[in-house]
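A.B. asks: Got a file for you: entry_33.cif, mmCIF, N, CA and C atoms.
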```cif
data_run
loop_
_atom_site.label_atom_id
_atom_site.label_comp_id
_atom_site.auth_asym_id
_atom_site.auth_seq_id
_atom_site.Cartn_x
_atom_site.Cartn_y
_atom_site.Cartn_z
N ASP T 186 -6.46 0.13 28.48
CA ASP T 186 -6.71 -1.10 27.74
C ASP T 186 -8.04 -1.02 27.00
N CYS T 187 -8.02 -1.49 25.81
CA CYS T 187 -9.22 -1.54 24.98
C CYS T 187 -9.56 -2.99 24.72
N PRO T 188 -10.76 -3.45 25.13
CA PRO T 188 -11.11 -4.85 24.95
C PRO T 188 -11.18 -5.28 23.48
N ALA T 189 -11.36 -4.33 22.57
CA ALA T 189 -11.43 -4.68 21.14
C ALA T 189 -10.04 -4.86 20.54
N ALA T 190 -9.02 -4.37 21.21
CA ALA T 190 -7.65 -4.48 20.69
C ALA T 190 -7.05 -5.83 21.07
N VAL T 191 -6.25 -6.35 20.18
CA VAL T 191 -5.58 -7.62 20.43
C VAL T 191 -4.09 -7.45 20.21
N ASP T 192 -3.33 -8.33 20.80
CA ASP T 192 -1.90 -8.34 20.55
C ASP T 192 -1.64 -8.88 19.16
N GLY T 193 -0.53 -8.50 18.60
CA GLY T 193 -0.16 -9.07 17.31
C GLY T 193 0.03 -8.02 16.25
N PRO T 194 0.48 -8.43 15.09
CA PRO T 194 0.73 -7.51 13.98
C PRO T 194 -0.53 -6.80 13.52
N VAL T 195 -0.33 -5.64 12.93
CA VAL T 195 -1.42 -4.81 12.44
C VAL T 195 -1.37 -4.70 10.93
N ALA T 196 -2.44 -4.16 10.37
CA ALA T 196 -2.49 -3.80 8.95
C ALA T 196 -2.50 -2.28 8.88
N LEU T 197 -1.83 -1.75 7.89
CA LEU T 197 -1.79 -0.31 7.68
C LEU T 197 -2.36 -0.01 6.30
N VAL T 198 -3.21 1.02 6.23
CA VAL T 198 -3.78 1.47 4.97
C VAL T 198 -3.51 2.96 4.87
N GLY T 199 -2.93 3.39 3.74
CA GLY T 199 -2.63 4.80 3.57
C GLY T 199 -3.03 5.30 2.20
N TYR T 200 -3.37 6.57 2.17
CA TYR T 200 -3.76 7.25 0.95
C TYR T 200 -2.82 8.44 0.74
N CYS T 201 -2.35 8.62 -0.49
CA CYS T 201 -1.42 9.69 -0.83
C CYS T 201 -0.19 9.59 0.07
N MET T 202 0.10 10.60 0.87
CA MET T 202 1.28 10.57 1.75
C MET T 202 1.14 9.49 2.83
N GLY T 203 -0.08 9.12 3.16
CA GLY T 203 -0.30 8.05 4.14
C GLY T 203 0.24 6.72 3.64
N ALA T 204 0.24 6.51 2.33
CA ALA T 204 0.81 5.28 1.77
C ALA T 204 2.31 5.26 1.98
N GLN T 205 2.94 6.41 1.84
CA GLN T 205 4.37 6.53 2.10
C GLN T 205 4.66 6.22 3.57
N LEU T 206 3.87 6.76 4.47
CA LEU T 206 4.08 6.52 5.90
C LEU T 206 3.85 5.05 6.26
N ALA T 207 2.87 4.42 5.63
CA ALA T 207 2.62 3.00 5.88
C ALA T 207 3.83 2.16 5.44
N LEU T 208 4.40 2.49 4.29
CA LEU T 208 5.57 1.78 3.79
C LEU T 208 6.77 1.98 4.71
N TYR T 209 6.99 3.21 5.16
CA TYR T 209 8.06 3.49 6.13
C TYR T 209 7.87 2.64 7.39
N THR T 210 6.65 2.60 7.90
CA THR T 210 6.37 1.88 9.13
C THR T 210 6.61 0.39 8.96
N ALA T 211 6.20 -0.16 7.84
CA ALA T 211 6.42 -1.59 7.59
C ALA T 211 7.90 -1.93 7.54
N GLY T 212 8.70 -1.03 7.00
CA GLY T 212 10.14 -1.26 6.93
C GLY T 212 10.87 -0.98 8.23
N THR T 213 10.30 -0.15 9.05
CA THR T 213 10.91 0.22 10.31
C THR T 213 10.52 -0.71 11.46
N HIS T 214 9.30 -1.26 11.37
CA HIS T 214 8.79 -2.15 12.42
C HIS T 214 8.24 -3.43 11.78
N PRO T 215 9.08 -4.20 11.13
CA PRO T 215 8.60 -5.38 10.40
C PRO T 215 7.90 -6.41 11.28
N ASP T 216 8.26 -6.48 12.54
CA ASP T 216 7.64 -7.44 13.44
C ASP T 216 6.24 -7.03 13.87
N ARG T 217 5.85 -5.79 13.61
CA ARG T 217 4.55 -5.28 14.05
C ARG T 217 3.55 -5.12 12.93
N VAL T 218 3.99 -5.27 11.66
CA VAL T 218 3.11 -4.98 10.53
C VAL T 218 2.94 -6.24 9.67
N ALA T 219 1.70 -6.69 9.52
CA ALA T 219 1.40 -7.89 8.74
C ALA T 219 0.97 -7.58 7.31
N ALA T 220 0.39 -6.41 7.10
CA ALA T 220 -0.10 -6.05 5.76
C ALA T 220 -0.05 -4.54 5.59
N VAL T 221 0.23 -4.13 4.35
CA VAL T 221 0.24 -2.71 3.98
C VAL T 221 -0.53 -2.55 2.68
N ALA T 222 -1.46 -1.60 2.68
CA ALA T 222 -2.16 -1.25 1.45
C ALA T 222 -2.02 0.25 1.26
N GLY T 223 -1.71 0.65 0.05
CA GLY T 223 -1.59 2.07 -0.27
C GLY T 223 -2.33 2.38 -1.55
N PHE T 224 -2.99 3.53 -1.56
CA PHE T 224 -3.78 3.92 -2.72
C PHE T 224 -3.44 5.34 -3.12
N HIS T 225 -3.28 5.54 -4.42
CA HIS T 225 -2.76 6.77 -5.02
C HIS T 225 -1.65 7.35 -4.14
N GLY T 226 -0.67 6.47 -3.89
CA GLY T 226 0.47 6.83 -3.04
C GLY T 226 1.38 7.86 -3.67
N ALA T 227 2.06 8.60 -2.80
CA ALA T 227 2.97 9.65 -3.27
C ALA T 227 4.35 9.46 -2.64
N ARG T 228 5.38 9.70 -3.44
CA ARG T 228 6.77 9.67 -2.97
C ARG T 228 7.13 8.32 -2.34
N LEU T 229 6.74 7.26 -3.01
CA LEU T 229 7.00 5.90 -2.52
C LEU T 229 8.39 5.41 -2.89
N ALA T 230 8.93 5.91 -4.00
CA ALA T 230 10.23 5.43 -4.50
C ALA T 230 10.92 6.56 -5.25
N THR T 231 11.50 7.45 -4.49
CA THR T 231 12.16 8.63 -5.06
C THR T 231 13.66 8.40 -5.15
N ASP T 232 14.37 9.41 -5.62
CA ASP T 232 15.84 9.37 -5.67
C ASP T 232 16.46 9.81 -4.35
N LEU T 233 15.65 10.19 -3.38
CA LEU T 233 16.16 10.69 -2.11
C LEU T 233 16.71 9.55 -1.25
N PRO T 234 17.70 9.84 -0.43
CA PRO T 234 18.32 8.78 0.39
C PRO T 234 17.41 8.21 1.48
N ASP T 235 16.30 8.90 1.77
CA ASP T 235 15.36 8.39 2.77
C ASP T 235 14.06 7.89 2.15
N SER T 236 14.09 7.56 0.87
CA SER T 236 12.91 7.05 0.18
C SER T 236 12.45 5.74 0.82
N PRO T 237 11.14 5.57 1.04
CA PRO T 237 10.66 4.37 1.72
C PRO T 237 10.94 3.06 0.99
N HIS T 238 11.08 3.09 -0.32
CA HIS T 238 11.33 1.83 -1.04
C HIS T 238 12.69 1.23 -0.67
N LEU T 239 13.57 2.05 -0.11
CA LEU T 239 14.89 1.56 0.29
C LEU T 239 14.82 0.66 1.53
N LEU T 240 13.67 0.60 2.17
CA LEU T 240 13.46 -0.27 3.33
C LEU T 240 12.85 -1.62 2.93
N ALA T 241 12.70 -1.86 1.66
CA ALA T 241 12.02 -3.08 1.18
C ALA T 241 12.64 -4.35 1.75
N ASP T 242 13.95 -4.38 1.90
CA ASP T 242 14.59 -5.59 2.38
C ASP T 242 14.29 -5.89 3.85
N ARG T 243 13.63 -4.99 4.53
CA ARG T 243 13.25 -5.21 5.93
C ARG T 243 11.77 -5.57 6.07
N ILE T 244 11.00 -5.40 5.02
CA ILE T 244 9.55 -5.60 5.09
C ILE T 244 9.21 -7.09 5.10
N THR T 245 8.38 -7.48 6.05
CA THR T 245 7.89 -8.86 6.12
C THR T 245 6.39 -8.92 5.82
N ALA T 246 5.73 -7.78 5.77
CA ALA T 246 4.30 -7.70 5.50
C ALA T 246 4.01 -8.00 4.03
N GLU T 247 2.77 -8.40 3.76
CA GLU T 247 2.30 -8.44 2.37
C GLU T 247 1.90 -7.02 2.00
N VAL T 248 2.21 -6.61 0.77
CA VAL T 248 2.04 -5.22 0.34
C VAL T 248 1.17 -5.16 -0.91
N TYR T 249 0.26 -4.17 -0.93
CA TYR T 249 -0.57 -3.92 -2.10
C TYR T 249 -0.61 -2.42 -2.35
N PHE T 250 -0.37 -2.03 -3.61
CA PHE T 250 -0.51 -0.64 -3.99
C PHE T 250 -1.38 -0.52 -5.22
N GLY T 251 -2.38 0.34 -5.14
CA GLY T 251 -3.28 0.65 -6.25
C GLY T 251 -3.08 2.11 -6.63
N GLN T 252 -2.34 2.33 -7.71
CA GLN T 252 -1.98 3.69 -8.11
C GLN T 252 -2.95 4.22 -9.16
N ALA T 253 -3.07 5.54 -9.20
CA ALA T 253 -3.86 6.20 -10.23
C ALA T 253 -3.09 6.20 -11.54
N GLU T 254 -3.82 6.27 -12.63
CA GLU T 254 -3.17 6.28 -13.94
C GLU T 254 -2.21 7.45 -14.09
N ASN T 255 -2.51 8.58 -13.44
CA ASN T 255 -1.62 9.73 -13.59
C ASN T 255 -0.58 9.85 -12.47
N ASP T 256 -0.48 8.83 -11.58
CA ASP T 256 0.61 8.80 -10.62
C ASP T 256 1.89 8.40 -11.35
N SER T 257 3.02 8.61 -10.75
CA SER T 257 4.31 8.38 -11.40
C SER T 257 4.56 6.90 -11.72
N ALA T 258 4.60 6.60 -13.01
CA ALA T 258 4.89 5.23 -13.45
C ALA T 258 6.33 4.84 -13.09
N LYS T 259 7.24 5.81 -13.17
CA LYS T 259 8.64 5.55 -12.85
C LYS T 259 8.79 5.15 -11.38
N GLU T 260 8.10 5.84 -10.48
CA GLU T 260 8.16 5.50 -9.07
C GLU T 260 7.56 4.12 -8.80
N LEU T 261 6.45 3.82 -9.45
CA LEU T 261 5.82 2.52 -9.25
C LEU T 261 6.74 1.40 -9.73
N GLU T 262 7.39 1.59 -10.87
CA GLU T 262 8.34 0.59 -11.36
C GLU T 262 9.50 0.41 -10.39
N ARG T 263 10.02 1.50 -9.86
CA ARG T 263 11.12 1.44 -8.90
C ARG T 263 10.68 0.73 -7.62
N LEU T 264 9.47 1.03 -7.15
CA LEU T 264 8.94 0.38 -5.95
C LEU T 264 8.77 -1.12 -6.19
N GLU T 265 8.16 -1.46 -7.30
CA GLU T 265 7.92 -2.87 -7.60
C GLU T 265 9.24 -3.64 -7.72
N LYS T 266 10.23 -3.04 -8.33
CA LYS T 266 11.53 -3.69 -8.46
C LYS T 266 12.15 -3.93 -7.08
N ALA T 267 12.10 -2.93 -6.20
CA ALA T 267 12.66 -3.07 -4.86
C ALA T 267 11.95 -4.16 -4.07
N LEU T 268 10.63 -4.19 -4.16
CA LEU T 268 9.86 -5.21 -3.44
C LEU T 268 10.16 -6.61 -3.99
N SER T 269 10.25 -6.74 -5.30
CA SER T 269 10.55 -8.03 -5.92
C SER T 269 11.94 -8.52 -5.53
N GLU T 270 12.92 -7.63 -5.63
CA GLU T 270 14.30 -8.02 -5.30
C GLU T 270 14.44 -8.41 -3.83
N ALA T 271 13.60 -7.83 -2.96
CA ALA T 271 13.65 -8.14 -1.53
C ALA T 271 12.81 -9.37 -1.18
N GLY T 272 12.08 -9.90 -2.15
CA GLY T 272 11.25 -11.07 -1.90
C GLY T 272 9.98 -10.78 -1.12
N VAL T 273 9.51 -9.54 -1.17
CA VAL T 273 8.29 -9.14 -0.47
C VAL T 273 7.07 -9.61 -1.27
N ARG T 274 6.12 -10.25 -0.59
CA ARG T 274 4.85 -10.59 -1.24
C ARG T 274 4.14 -9.28 -1.53
N HIS T 275 3.85 -9.04 -2.80
CA HIS T 275 3.25 -7.75 -3.15
C HIS T 275 2.51 -7.82 -4.48
N ARG T 276 1.69 -6.80 -4.67
CA ARG T 276 1.04 -6.56 -5.96
C ARG T 276 0.91 -5.05 -6.11
N CYS T 277 1.36 -4.54 -7.23
CA CYS T 277 1.25 -3.12 -7.56
C CYS T 277 0.45 -3.02 -8.85
N GLU T 278 -0.61 -2.23 -8.80
CA GLU T 278 -1.47 -2.10 -9.97
C GLU T 278 -1.73 -0.63 -10.26
N VAL T 279 -2.02 -0.35 -11.51
CA VAL T 279 -2.47 0.96 -11.93
C VAL T 279 -3.95 0.83 -12.29
N TYR T 280 -4.74 1.72 -11.74
CA TYR T 280 -6.18 1.70 -12.02
C TYR T 280 -6.44 2.60 -13.23
N PRO T 281 -6.74 2.02 -14.39
CA PRO T 281 -6.92 2.80 -15.61
C PRO T 281 -8.02 3.86 -15.47
N GLY T 282 -7.76 5.00 -16.07
CA GLY T 282 -8.75 6.07 -16.11
C GLY T 282 -8.90 6.86 -14.83
N THR T 283 -8.04 6.60 -13.84
CA THR T 283 -8.16 7.31 -12.57
C THR T 283 -7.14 8.43 -12.44
N GLN T 284 -7.45 9.37 -11.57
CA GLN T 284 -6.55 10.46 -11.24
C GLN T 284 -6.11 10.31 -9.79
N HIS T 285 -4.99 10.93 -9.47
CA HIS T 285 -4.52 10.93 -8.09
C HIS T 285 -5.65 11.45 -7.19
N GLY T 286 -5.98 10.69 -6.15
CA GLY T 286 -7.07 11.06 -5.25
C GLY T 286 -8.39 10.39 -5.59
N TYR T 287 -8.35 9.36 -6.42
CA TYR T 287 -9.58 8.74 -6.93
C TYR T 287 -10.51 8.18 -5.86
N THR T 288 -10.05 7.97 -4.65
CA THR T 288 -10.92 7.43 -3.58
C THR T 288 -11.66 8.53 -2.82
N GLN T 289 -11.31 9.77 -3.06
CA GLN T 289 -11.84 10.89 -2.28
C GLN T 289 -13.13 11.42 -2.89
N ALA T 290 -14.26 11.00 -2.33
CA ALA T 290 -15.58 11.29 -2.89
C ALA T 290 -15.91 12.78 -2.93
N ASP T 291 -15.24 13.59 -2.15
CA ASP T 291 -15.55 15.02 -2.11
C ASP T 291 -14.62 15.84 -3.01
N THR T 292 -13.96 15.18 -3.96
CA THR T 292 -13.08 15.90 -4.88
C THR T 292 -13.44 15.60 -6.33
N SER T 293 -12.93 16.41 -7.24
CA SER T 293 -13.19 16.19 -8.67
C SER T 293 -12.42 14.97 -9.20
N ALA T 294 -11.44 14.48 -8.44
CA ALA T 294 -10.67 13.30 -8.86
C ALA T 294 -11.41 12.00 -8.58
N TYR T 295 -12.50 12.05 -7.83
CA TYR T 295 -13.20 10.83 -7.43
C TYR T 295 -13.60 9.99 -8.64
N ASP T 296 -13.36 8.70 -8.52
CA ASP T 296 -13.73 7.75 -9.56
C ASP T 296 -14.45 6.58 -8.89
N GLU T 297 -15.70 6.42 -9.18
CA GLU T 297 -16.52 5.41 -8.50
C GLU T 297 -15.97 4.00 -8.70
N GLU T 298 -15.58 3.65 -9.90
CA GLU T 298 -15.03 2.32 -10.16
C GLU T 298 -13.69 2.13 -9.45
N GLY T 299 -12.83 3.14 -9.47
CA GLY T 299 -11.56 3.07 -8.76
C GLY T 299 -11.77 2.91 -7.26
N ASP T 300 -12.75 3.61 -6.72
CA ASP T 300 -13.06 3.51 -5.30
C ASP T 300 -13.55 2.09 -4.96
N ARG T 301 -14.45 1.57 -5.78
CA ARG T 301 -14.96 0.21 -5.57
C ARG T 301 -13.82 -0.80 -5.65
N ARG T 302 -12.98 -0.63 -6.64
CA ARG T 302 -11.86 -1.56 -6.82
C ARG T 302 -10.88 -1.50 -5.65
N HIS T 303 -10.60 -0.31 -5.15
CA HIS T 303 -9.67 -0.18 -4.03
C HIS T 303 -10.22 -0.83 -2.78
N ARG T 304 -11.51 -0.67 -2.54
CA ARG T 304 -12.11 -1.30 -1.35
C ARG T 304 -12.05 -2.82 -1.44
N ALA T 305 -12.33 -3.35 -2.61
CA ALA T 305 -12.28 -4.81 -2.80
C ALA T 305 -10.86 -5.33 -2.60
N ALA T 306 -9.87 -4.63 -3.14
CA ALA T 306 -8.47 -5.06 -2.99
C ALA T 306 -8.04 -4.98 -1.53
N MET T 307 -8.43 -3.92 -0.85
CA MET T 307 -8.05 -3.76 0.55
C MET T 307 -8.68 -4.85 1.41
N LEU T 308 -9.97 -5.10 1.23
CA LEU T 308 -10.64 -6.13 2.02
C LEU T 308 -10.09 -7.52 1.73
N ASP T 309 -9.73 -7.78 0.48
CA ASP T 309 -9.12 -9.05 0.12
C ASP T 309 -7.79 -9.24 0.83
N LEU T 310 -6.96 -8.21 0.83
CA LEU T 310 -5.66 -8.27 1.52
C LEU T 310 -5.85 -8.51 3.01
N LEU T 311 -6.75 -7.77 3.63
CA LEU T 311 -6.98 -7.91 5.06
C LEU T 311 -7.53 -9.28 5.42
N SER T 312 -8.46 -9.75 4.62
CA SER T 312 -9.05 -11.07 4.88
C SER T 312 -8.00 -12.17 4.76
N ARG T 313 -7.22 -12.10 3.70
CA ARG T 313 -6.19 -13.11 3.46
C ARG T 313 -5.12 -13.07 4.56
N THR T 314 -4.68 -11.88 4.92
CA THR T 314 -3.62 -11.72 5.90
C THR T 314 -4.04 -12.23 7.27
N PHE T 315 -5.21 -11.83 7.71
CA PHE T 315 -5.59 -12.20 9.07
C PHE T 315 -6.19 -13.58 9.17
N ARG T 316 -6.66 -14.13 8.07
CA ARG T 316 -7.08 -15.54 8.05
C ARG T 316 -5.84 -16.42 8.23
N GLN T 317 -4.73 -16.05 7.56
CA GLN T 317 -3.47 -16.80 7.69
C GLN T 317 -2.92 -16.70 9.10
N GLN T 318 -3.06 -15.53 9.74
CA GLN T 318 -2.51 -15.34 11.07
C GLN T 318 -3.28 -16.11 12.13
N SER T 319 -4.56 -16.37 11.88
CA SER T 319 -5.37 -17.05 12.91
C SER T 319 -5.16 -18.56 12.88
N ARG T 320 -4.41 -19.04 11.91
CA ARG T 320 -4.16 -20.49 11.83
C ARG T 320 -3.14 -20.94 12.83
#
```
As structure tokens, please, write out the structure in this file.

C.D. replies:
Amino acid sequence: DCPAAVDGPVALVGYCMGAQLALYTAGTHPDRVAAVAGFHGARLATDLPDSPHLLADRITAEVYFGQAENDSAKELERLEKALSEAGVRHRCEVYPGTQHGYTQADTSAYDEEGDRRHRAAMLDLLSRTFRQQSR
């Protein structure tokens, strides 16, 4: 037992493939996930039969995705359509001028403004989600 841990839904934050895993988890365990944030996500809405966007109708969490300008626009459109059709509270944005991996300070893709923007969006989602849950 960890005294800092509490019962109740969690928030998931993923980067690149981690965003895909967060989306899978939200669709697989909707009762356990309150919020999902993904940044420069990969393979979120593919043509494959196990694509995570196909679980949208099971997601109860609020979802936020901040994609890089050079991430797949087609996948983001497909993801946004699936989330909208399923009635999932969500926002999907493209961060202009960024490259895939823009949050990673130790890479050439790092973008200071994109990193700042992603942190603000993530903290806003977490604050809003858990403020609502404490009511």

A.B. asks: Between T:Glu260, T:Glu278, T:Asp291, T:Asp192, which residue has the minimum interatomic distance to T:Arg217, considering only C-alpha atoms?

C.D. replies: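 With only C-alpha atoms as the atom set, the closest residue is T:Asp192.
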
A.B. asks: On this structure, the PyMOL selection byres ((chain T and resi 296-305) around 8) would catch which residues? List them as a list in words, sorted by chain and number.

C.D. replies: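 Checked against the file, the PyMOL selection byres ((chain T and resi 296-305) around 8) matches Phe224, Gly251, Tyr280, Pro281, Gly282, Thr283, Gln284, Gly286, Tyr287, Thr288, Gln289, Ala290, Thr292, Ser293, Ala294, Tyr295, Ala306, Met307, Leu308, Asp309, Leu310 and Leu311 of chain T.
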
A.B. asks: Please provide as a list in words all residues within 7 Å of T:Ala271, with the sequence filter that same-chain residues fewer than 4 positions apart are discarded (counting only N, CA and C atoms).

C.D. replies: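 In the requested format, the answer is Ala241, Asp242, Arg243, Lys266 and Ala267 of chain T.
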
A.B. asks: Given the PyMOL selection byres ((chain T and resi 207) around 8) and the file above, list the residues it selects as a list in words.

C.D. replies: Ala196, Leu197, Val198, Gly199, Tyr200, Met202, Gly203, Ala204, Gln205, Leu206, Leu208, Tyr209, Thr210, Ala211, Gly212, Thr213, Ala220, Val221, Ala222 and Gly223 of chain T

A.B. asks: Let's have the selection written as an mmCIF file, in the coordinates of the input, with N, CA and C atoms.

C.D. replies:
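Heads up, here's the output in out.cif:
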```
data_model
loop_
_atom_site.group_PDB
_atom_site.id
_atom_site.type_symbol
_atom_site.label_atom_id
_atom_site.label_comp_id
_atom_site.auth_asym_id
_atom_site.auth_seq_id
_atom_site.Cartn_x
_atom_site.Cartn_y
_atom_site.Cartn_z
ATOM 1 N N ALA T 196 -2.440 -4.160 10.370
ATOM 2 C CA ALA T 196 -2.490 -3.800 8.950
ATOM 3 C C ALA T 196 -2.500 -2.280 8.880
ATOM 4 N N LEU T 197 -1.830 -1.750 7.890
ATOM 5 C CA LEU T 197 -1.790 -0.310 7.680
ATOM 6 C C LEU T 197 -2.360 -0.010 6.300
ATOM 7 N N VAL T 198 -3.210 1.020 6.230
ATOM 8 C CA VAL T 198 -3.780 1.470 4.970
ATOM 9 C C VAL T 198 -3.510 2.960 4.870
ATOM 10 N N GLY T 199 -2.930 3.390 3.740
ATOM 11 C CA GLY T 199 -2.630 4.800 3.570
ATOM 12 C C GLY T 199 -3.030 5.300 2.200
ATOM 13 N N TYR T 200 -3.370 6.570 2.170
ATOM 14 C CA TYR T 200 -3.760 7.250 0.950
ATOM 15 C C TYR T 200 -2.820 8.440 0.740
ATOM 16 N N MET T 202 0.100 10.600 0.870
ATOM 17 C CA MET T 202 1.280 10.570 1.750
ATOM 18 C C MET T 202 1.140 9.490 2.830
ATOM 19 N N GLY T 203 -0.080 9.120 3.160
ATOM 20 C CA GLY T 203 -0.300 8.050 4.140
ATOM 21 C C GLY T 203 0.240 6.720 3.640
ATOM 22 N N ALA T 204 0.240 6.510 2.330
ATOM 23 C CA ALA T 204 0.810 5.280 1.770
ATOM 24 C C ALA T 204 2.310 5.260 1.980
ATOM 25 N N GLN T 205 2.940 6.410 1.840
ATOM 26 C CA GLN T 205 4.370 6.530 2.100
ATOM 27 C C GLN T 205 4.660 6.220 3.570
ATOM 28 N N LEU T 206 3.870 6.760 4.470
ATOM 29 C CA LEU T 206 4.080 6.520 5.900
ATOM 30 C C LEU T 206 3.850 5.050 6.260
ATOM 31 N N LEU T 208 4.400 2.490 4.290
ATOM 32 C CA LEU T 208 5.570 1.780 3.790
ATOM 33 C C LEU T 208 6.770 1.980 4.710
ATOM 34 N N TYR T 209 6.990 3.210 5.160
ATOM 35 C CA TYR T 209 8.060 3.490 6.130
ATOM 36 C C TYR T 209 7.870 2.640 7.390
ATOM 37 N N THR T 210 6.650 2.600 7.900
ATOM 38 C CA THR T 210 6.370 1.880 9.130
ATOM 39 C C THR T 210 6.610 0.390 8.960
ATOM 40 N N ALA T 211 6.200 -0.160 7.840
ATOM 41 C CA ALA T 211 6.420 -1.590 7.590
ATOM 42 C C ALA T 211 7.900 -1.930 7.540
ATOM 43 N N GLY T 212 8.700 -1.030 7.000
ATOM 44 C CA GLY T 212 10.140 -1.260 6.930
ATOM 45 C C GLY T 212 10.870 -0.980 8.230
ATOM 46 N N THR T 213 10.300 -0.150 9.050
ATOM 47 C CA THR T 213 10.910 0.220 10.310
ATOM 48 C C THR T 213 10.520 -0.710 11.460
ATOM 49 N N ALA T 220 0.390 -6.410 7.100
ATOM 50 C CA ALA T 220 -0.100 -6.050 5.760
ATOM 51 C C ALA T 220 -0.050 -4.540 5.590
ATOM 52 N N VAL T 221 0.230 -4.130 4.350
ATOM 53 C CA VAL T 221 0.240 -2.710 3.980
ATOM 54 C C VAL T 221 -0.530 -2.550 2.680
ATOM 55 N N ALA T 222 -1.460 -1.600 2.680
ATOM 56 C CA ALA T 222 -2.160 -1.250 1.450
ATOM 57 C C ALA T 222 -2.020 0.250 1.260
ATOM 58 N N GLY T 223 -1.710 0.650 0.050
ATOM 59 C CA GLY T 223 -1.590 2.070 -0.270
ATOM 60 C C GLY T 223 -2.330 2.380 -1.550
#
```

A.B. asks: So that I can check the secondary structure, give me every residue of stretch 285-315 of chain T assigned helix (DSSP H, G or I) by backbone DSSP, as a PyMOL selection string.

C.D. replies: chain T and resi 297-315

A.B. asks: In Å, with one decimal, what is the gap from atom CA of T:Val279 to atom C of T:Gly226?

C.D. replies: 11.4 Å

A.B. asks: One decimal, in Å: what's the spacing between atom C of T:His275 and atom CA of T:His214?

C.D. replies: 18.9 Å
